[in-house]
Amino acid sequence: MRPILEVENLSISFLQYDRGARRRVLPAIRRLDLTLEAGQVAAVVGSSGSGKSLLAHGILGILPYNARMEGTLRYRGEPLTPQRAAALRGREIVLVPQSVGYLDPLMKVGPQVARDREKGRGVLGRYGLGPETGDLYPFELSGGMARRVLISTAVAASPALVVADEPTPGLDARAAGRILGHFRELAQGGAAVLLITHDLELALTIAHKVAVFYAGETVEEAPAADFARREDLRHPYTRALWDALPQHGFTPIPGTQPYPGAIPAGCPFAPRCPKRQADCGGAIPYQTVAGGRVRCLHPERGEGS
Amino acid sequence: MSLEARGLTFGYRRRGKAVLTQVSLALRPGERLGLTAPSGRGKTTLCRLLSGYERPDAGEVLVDGKPLAACRGPCPVQMIWQHPELAVDPLRTLGAALAEGWAVEDRVLEGLHIEPGWGKRYPSELSGGELQRFCVARALGPETRYLLCDELSAMLDLITQAQIWQFLLAEAERRSLGLLIVSHSPTLLERLCTRVVCLEELAGGGAQPLL
């Protein structure tokens, strides 16, 4: 089956003014790869500054004017140009934004969900929000209600690709589970769901596959089932994430993710990597290993293991 | 010796519904008490009362038997907030923000993986995880006896979360600090705490949802 979304070797850089009229190019995303099929939930996991939200904005075609995107972005097999993204967004490709800050604060919720009053009520009802919710302003919503309203605005159009940017922070475990359940329903209905989050634990409860971002690169794409066992993971960073889970070792590796502009040549994880070798400063291929993909010269999980 | 809340009742509006009703709790030095409750039930409000940012409508907060309001000098109860970007002055560098509290020891900076160059930056130039490291360092002054950690690591990635907590646990152990740890994550609370309570269990009159 043709994937709904294919991202290949995507890079996004920003043109900035350094001092006076001197300009410099700041690479924020350098090598992102990801494929997503219909009916699938793919989680994009990474710490802040790894380029997760930028990918979402790139897909929607809503990057700021000083951003430059290179590489391949295909939607249903055809290149997703900014023009095409503009025509599709809000209809076939939708964004569930990070916060209620994306809603119009001066407009009641109902008309923001759908122009048609009845349709809006129907969609809100699907998420357990009564008809009275439509008459509230965004500031009157609690955290959990706000999330459900944001999902409602996105799915009123019956989309084929849903991009959800950090949909769960600030919610208790039960509320977060319910919100993620709504995304699973969307996938069961045939949509492709891209779930952007820093919360690996929650992502694993619904995702079919997980893409791990580090410093603007995809370091690993793995079936979610591989996260059940440490030995099944391919990249040393993914294993470091696994080790840091509270229910596993809760042991951190030292250091922090490098900043755009200060990322070393070769593998960006090399300075913190326990398995670092001399050749890690060179070109790093993105290779297929045991049903997943990994950007590492010395993957932890070898071919055929 | 303990941080004690006795029958705290508090509402943000004079005639509105109380957020907390008759809440009592005791936190001993060296103890790591986990606090959990669904969203909007007043966990953060309780922390604000315990650290003196708000005054209760009824009840009192005692630090080692003395009312919190009677403490002079740096407050022995320090709070670390869920959103570090809102807890630092956006117009001052982080070095300045850190210096106004106490002379932070190098040991603390190293333990929290704070890099020397970050002190010259403004809050908008650092990530949430990096800002939170500064907020933790700032709260660990020599007078601090009790630390209230309100969703300290909810927005941090796993490795940063583990780094900050490993340091904080060692520091609490060394100085016999009492920690109140607010979190939604059962696995995190189980890993960190010596005891976990639900906010409803602490309330005499039953906690009301905040509207």
# chains A, B, ... in the order shown; residues from 1 in each chain; ligands from 1
$ residues_around --residues "stretch 156-168 of chain B" --least-positions-apart "6" --cutoff "10 Å" --atoms "only C-alpha atoms" --output "ChimeraX atom specification"
/A:45-48,197-201,237,240-246,249-257 /B:108,110-113,127-130,132-133,136-137,140,147,174,177,179,188,192
$ write_last_selection --atoms "N, CA and C atoms" --output "short mmCIF file (atom, residue, chain, number, x, y, z; two decimals), in the first residue's frame"
data_model
loop_
_atom_site.label_atom_id
_atom_site.label_comp_id
_atom_site.auth_asym_id
_atom_site.auth_seq_id
_atom_site.Cartn_x
_atom_site.Cartn_y
_atom_site.Cartn_z
N VAL A 45 9.03 10.92 18.76
CA VAL A 45 9.47 11.16 20.13
C VAL A 45 10.82 11.86 20.11
N GLY A 46 10.96 12.89 20.91
CA GLY A 46 12.24 13.58 21.00
C GLY A 46 12.15 14.66 22.05
N SER A 47 13.29 15.13 22.55
CA SER A 47 13.25 16.19 23.56
C SER A 47 13.01 17.51 22.86
N SER A 48 12.74 18.56 23.65
CA SER A 48 12.47 19.85 23.03
C SER A 48 13.71 20.32 22.29
N THR A 197 5.29 13.96 20.43
CA THR A 197 5.28 13.99 21.89
C THR A 197 6.68 13.81 22.46
N HIS A 198 6.86 14.22 23.72
CA HIS A 198 8.12 13.92 24.40
C HIS A 198 7.91 12.74 25.35
N ASP A 199 6.65 12.29 25.45
CA ASP A 199 6.30 11.29 26.44
C ASP A 199 6.27 9.89 25.82
N LEU A 200 7.41 9.22 25.84
CA LEU A 200 7.54 7.91 25.21
C LEU A 200 6.57 6.91 25.81
N GLU A 201 6.42 6.98 27.13
CA GLU A 201 5.57 6.01 27.83
C GLU A 201 4.13 6.05 27.31
N TYR A 237 20.96 5.96 21.39
CA TYR A 237 20.12 6.99 22.04
C TYR A 237 18.77 6.41 22.45
N ALA A 240 19.24 4.62 25.49
CA ALA A 240 19.42 5.54 26.62
C ALA A 240 18.04 6.04 27.10
N LEU A 241 17.12 6.29 26.15
CA LEU A 241 15.76 6.68 26.54
C LEU A 241 15.10 5.57 27.34
N TRP A 242 15.25 4.37 26.85
CA TRP A 242 14.65 3.19 27.50
C TRP A 242 15.19 3.06 28.93
N ASP A 243 16.51 3.23 29.07
CA ASP A 243 17.12 3.11 30.40
C ASP A 243 16.64 4.18 31.37
N ALA A 244 16.21 5.34 30.82
CA ALA A 244 15.83 6.47 31.68
C ALA A 244 14.37 6.38 32.12
N LEU A 245 13.61 5.42 31.59
CA LEU A 245 12.22 5.27 32.02
C LEU A 245 12.18 4.91 33.51
N PRO A 246 11.24 5.53 34.26
CA PRO A 246 11.20 5.26 35.71
C PRO A 246 11.04 3.77 36.04
N GLY A 249 15.69 1.39 34.50
CA GLY A 249 16.77 1.76 35.41
C GLY A 249 16.64 3.14 36.02
N PHE A 250 15.92 4.09 35.32
CA PHE A 250 15.88 5.50 35.72
C PHE A 250 17.29 6.07 35.73
N THR A 251 18.18 5.49 34.89
CA THR A 251 19.56 5.96 34.85
C THR A 251 19.77 6.84 33.63
N PRO A 252 20.19 8.08 33.85
CA PRO A 252 20.41 8.99 32.72
C PRO A 252 21.82 8.86 32.18
N ILE A 253 22.00 9.23 30.89
CA ILE A 253 23.35 9.43 30.38
C ILE A 253 23.67 10.90 30.63
N PRO A 254 24.96 11.26 30.75
CA PRO A 254 25.29 12.66 31.01
C PRO A 254 25.13 13.53 29.76
N GLY A 255 25.19 14.85 29.98
CA GLY A 255 25.20 15.81 28.87
C GLY A 255 23.83 16.23 28.41
N THR A 256 23.80 17.12 27.41
CA THR A 256 22.53 17.60 26.86
C THR A 256 22.61 17.60 25.34
N GLN A 257 21.43 17.67 24.72
CA GLN A 257 21.35 17.70 23.27
C GLN A 257 22.00 18.98 22.74
N VAL B 108 26.59 21.88 42.64
CA VAL B 108 25.20 21.84 42.23
C VAL B 108 25.08 22.05 40.73
N GLU B 110 27.30 21.40 38.47
CA GLU B 110 27.79 20.20 37.79
C GLU B 110 26.77 19.08 37.88
N GLY B 111 26.21 18.90 39.08
CA GLY B 111 25.25 17.83 39.28
C GLY B 111 24.03 17.96 38.39
N LEU B 112 23.67 19.21 38.08
CA LEU B 112 22.50 19.44 37.24
C LEU B 112 22.86 19.60 35.76
N HIS B 113 24.12 19.36 35.41
CA HIS B 113 24.60 19.49 34.04
C HIS B 113 24.30 20.87 33.46
N SER B 127 15.95 25.84 26.43
CA SER B 127 14.79 24.96 26.38
C SER B 127 14.20 24.80 27.79
N GLY B 128 12.99 24.25 27.86
CA GLY B 128 12.33 24.06 29.15
C GLY B 128 13.16 23.23 30.11
N GLY B 129 13.80 22.19 29.59
CA GLY B 129 14.61 21.31 30.44
C GLY B 129 15.81 22.04 31.01
N GLU B 130 16.40 22.91 30.19
CA GLU B 130 17.56 23.66 30.66
C GLU B 130 17.15 24.70 31.70
N GLN B 132 14.60 24.47 33.70
CA GLN B 132 14.21 23.80 34.92
C GLN B 132 15.44 23.46 35.78
N ARG B 133 16.55 23.17 35.13
CA ARG B 133 17.78 22.92 35.90
C ARG B 133 18.15 24.14 36.73
N VAL B 136 15.80 24.47 39.73
CA VAL B 136 16.15 23.55 40.81
C VAL B 136 17.34 24.08 41.59
N ALA B 137 18.39 24.53 40.87
CA ALA B 137 19.59 25.05 41.52
C ALA B 137 19.23 26.23 42.42
N LEU B 140 17.72 25.48 45.90
CA LEU B 140 18.47 24.64 46.84
C LEU B 140 19.38 25.43 47.77
N LEU B 147 11.15 20.94 50.00
CA LEU B 147 11.10 21.30 48.59
C LEU B 147 9.78 20.76 48.03
N ARG B 174 21.40 13.72 51.23
CA ARG B 174 22.57 14.31 51.88
C ARG B 174 22.17 15.35 52.92
N LEU B 177 16.47 16.68 53.22
CA LEU B 177 15.36 17.55 52.83
C LEU B 177 14.07 16.74 52.81
N LEU B 179 10.73 16.18 50.69
CA LEU B 179 10.25 16.49 49.35
C LEU B 179 8.76 16.16 49.23
N LEU B 188 6.53 7.12 37.84
CA LEU B 188 7.51 8.06 38.40
C LEU B 188 7.38 8.13 39.92
N LEU B 192 10.14 7.29 42.85
CA LEU B 192 10.75 8.35 43.65
C LEU B 192 10.37 8.34 45.13
#
$ select_by_dssp --residues "stretch 22-234 of chain A" --states "alpha helix (DSSP H)" --output "PyMOL selection string"
chain A and resi 52-60+82-88+109-113+117-126+143-155+173-188+200-206
$ residues_around --residues "B:Arg175" --least-positions-apart "2" --cutoff "12 Å" --atoms "only C-alpha atoms" --output "VMD selection string"
chain B and resid 29 to 31 140 to 147 168 to 173 177 to 179
$ closest_atom_pairs --of "stretch 169-281 of chain A" --to "stretch 94-105 of chain A" --cutoff "10 Å" --atoms "only C-alpha atoms" --output "tab-separated table"
residue	atom	partner	partner_atom	distance
A:Pro169	CA	A:Gln98	CA	9.1
A:Val193	CA	A:Val94	CA	9.9
A:Leu194	CA	A:Leu95	CA	9.5
A:Leu195	CA	A:Val96	CA	9.5
A:Ile196	CA	A:Gln98	CA	9.7
$ write_last_selection --atoms "N, CA and C atoms" --output "PDB file, in the first residue's frame"
ATOM      1  N   PRO A 169       0.214  16.928  27.514  1.00  0.00           N
ATOM      2  CA  PRO A 169       0.833  17.415  28.752  1.00  0.00           C
ATOM      3  C   PRO A 169      -0.177  18.110  29.661  1.00  0.00           C
ATOM      4  N   VAL A 193      -2.284   8.918  11.638  1.00  0.00           N
ATOM      5  CA  VAL A 193      -2.101   9.851  12.746  1.00  0.00           C
ATOM      6  C   VAL A 193      -0.617   9.993  13.069  1.00  0.00           C
ATOM      7  N   LEU A 194      -0.153  11.240  13.056  1.00  0.00           N
ATOM      8  CA  LEU A 194       1.223  11.526  13.444  1.00  0.00           C
ATOM      9  C   LEU A 194       1.167  12.179  14.821  1.00  0.00           C
ATOM     10  N   LEU A 195       1.666  11.473  15.822  1.00  0.00           N
ATOM     11  CA  LEU A 195       1.560  11.917  17.201  1.00  0.00           C
ATOM     12  C   LEU A 195       2.927  12.433  17.659  1.00  0.00           C
ATOM     13  N   ILE A 196       3.003  13.732  17.877  1.00  0.00           N
ATOM     14  CA  ILE A 196       4.280  14.336  18.254  1.00  0.00           C
ATOM     15  C   ILE A 196       4.298  14.517  19.761  1.00  0.00           C
TER      16      ILE A 196
END
$ atom_distance --atom1 "atom CA of A:Ser11" --atom2 "atom CA of B:Leu126"
21.9 Å
$ residues_around --residues "B:Leu98" --least-positions-apart "5" --cutoff "9 Å" --atoms "only C-alpha atoms" --output "list of chain:residue names"
B:Thr93, B:Ala103, B:Val104, B:Gly119, B:Phe134, B:Cys135, B:Ala137, B:Arg138
$ residues_around --residues "B:Asp57" --least-positions-apart "3" --cutoff "8 Å" --atoms "only C-alpha atoms" --output "JSON list (two decimals) with N, CA and C atoms, in the first residue's frame"
[["chain", "number", "residue", "atom", "x", "y", "z"],
["B", 8, "LEU", "N", -6.30, 23.17, 56.15],
["B", 8, "LEU", "CA", -6.26, 24.28, 55.19],
["B", 8, "LEU", "C", -7.53, 24.35, 54.36],
["B", 9, "THR", "N", -8.13, 25.52, 54.31],
["B", 9, "THR", "CA", -9.27, 25.77, 53.43],
["B", 9, "THR", "C", -8.94, 27.01, 52.62],
["B", 10, "PHE", "N", -9.21, 26.93, 51.33],
["B", 10, "PHE", "CA", -8.82, 28.05, 50.47],
["B", 10, "PHE", "C", -9.68, 28.11, 49.22],
["B", 11, "GLY", "N", -10.09, 29.32, 48.85],
["B", 11, "GLY", "CA", -10.78, 29.54, 47.57],
["B", 11, "GLY", "C", -10.24, 30.80, 46.94]]
$ select_by_dssp --residues "chain B" --states "strand (DSSP E or B)" --output "PyMOL selection string"
chain B and resi 3-10+20-27+32-36+58-63+66-67+77-80+146-150+178-182+195-198+203
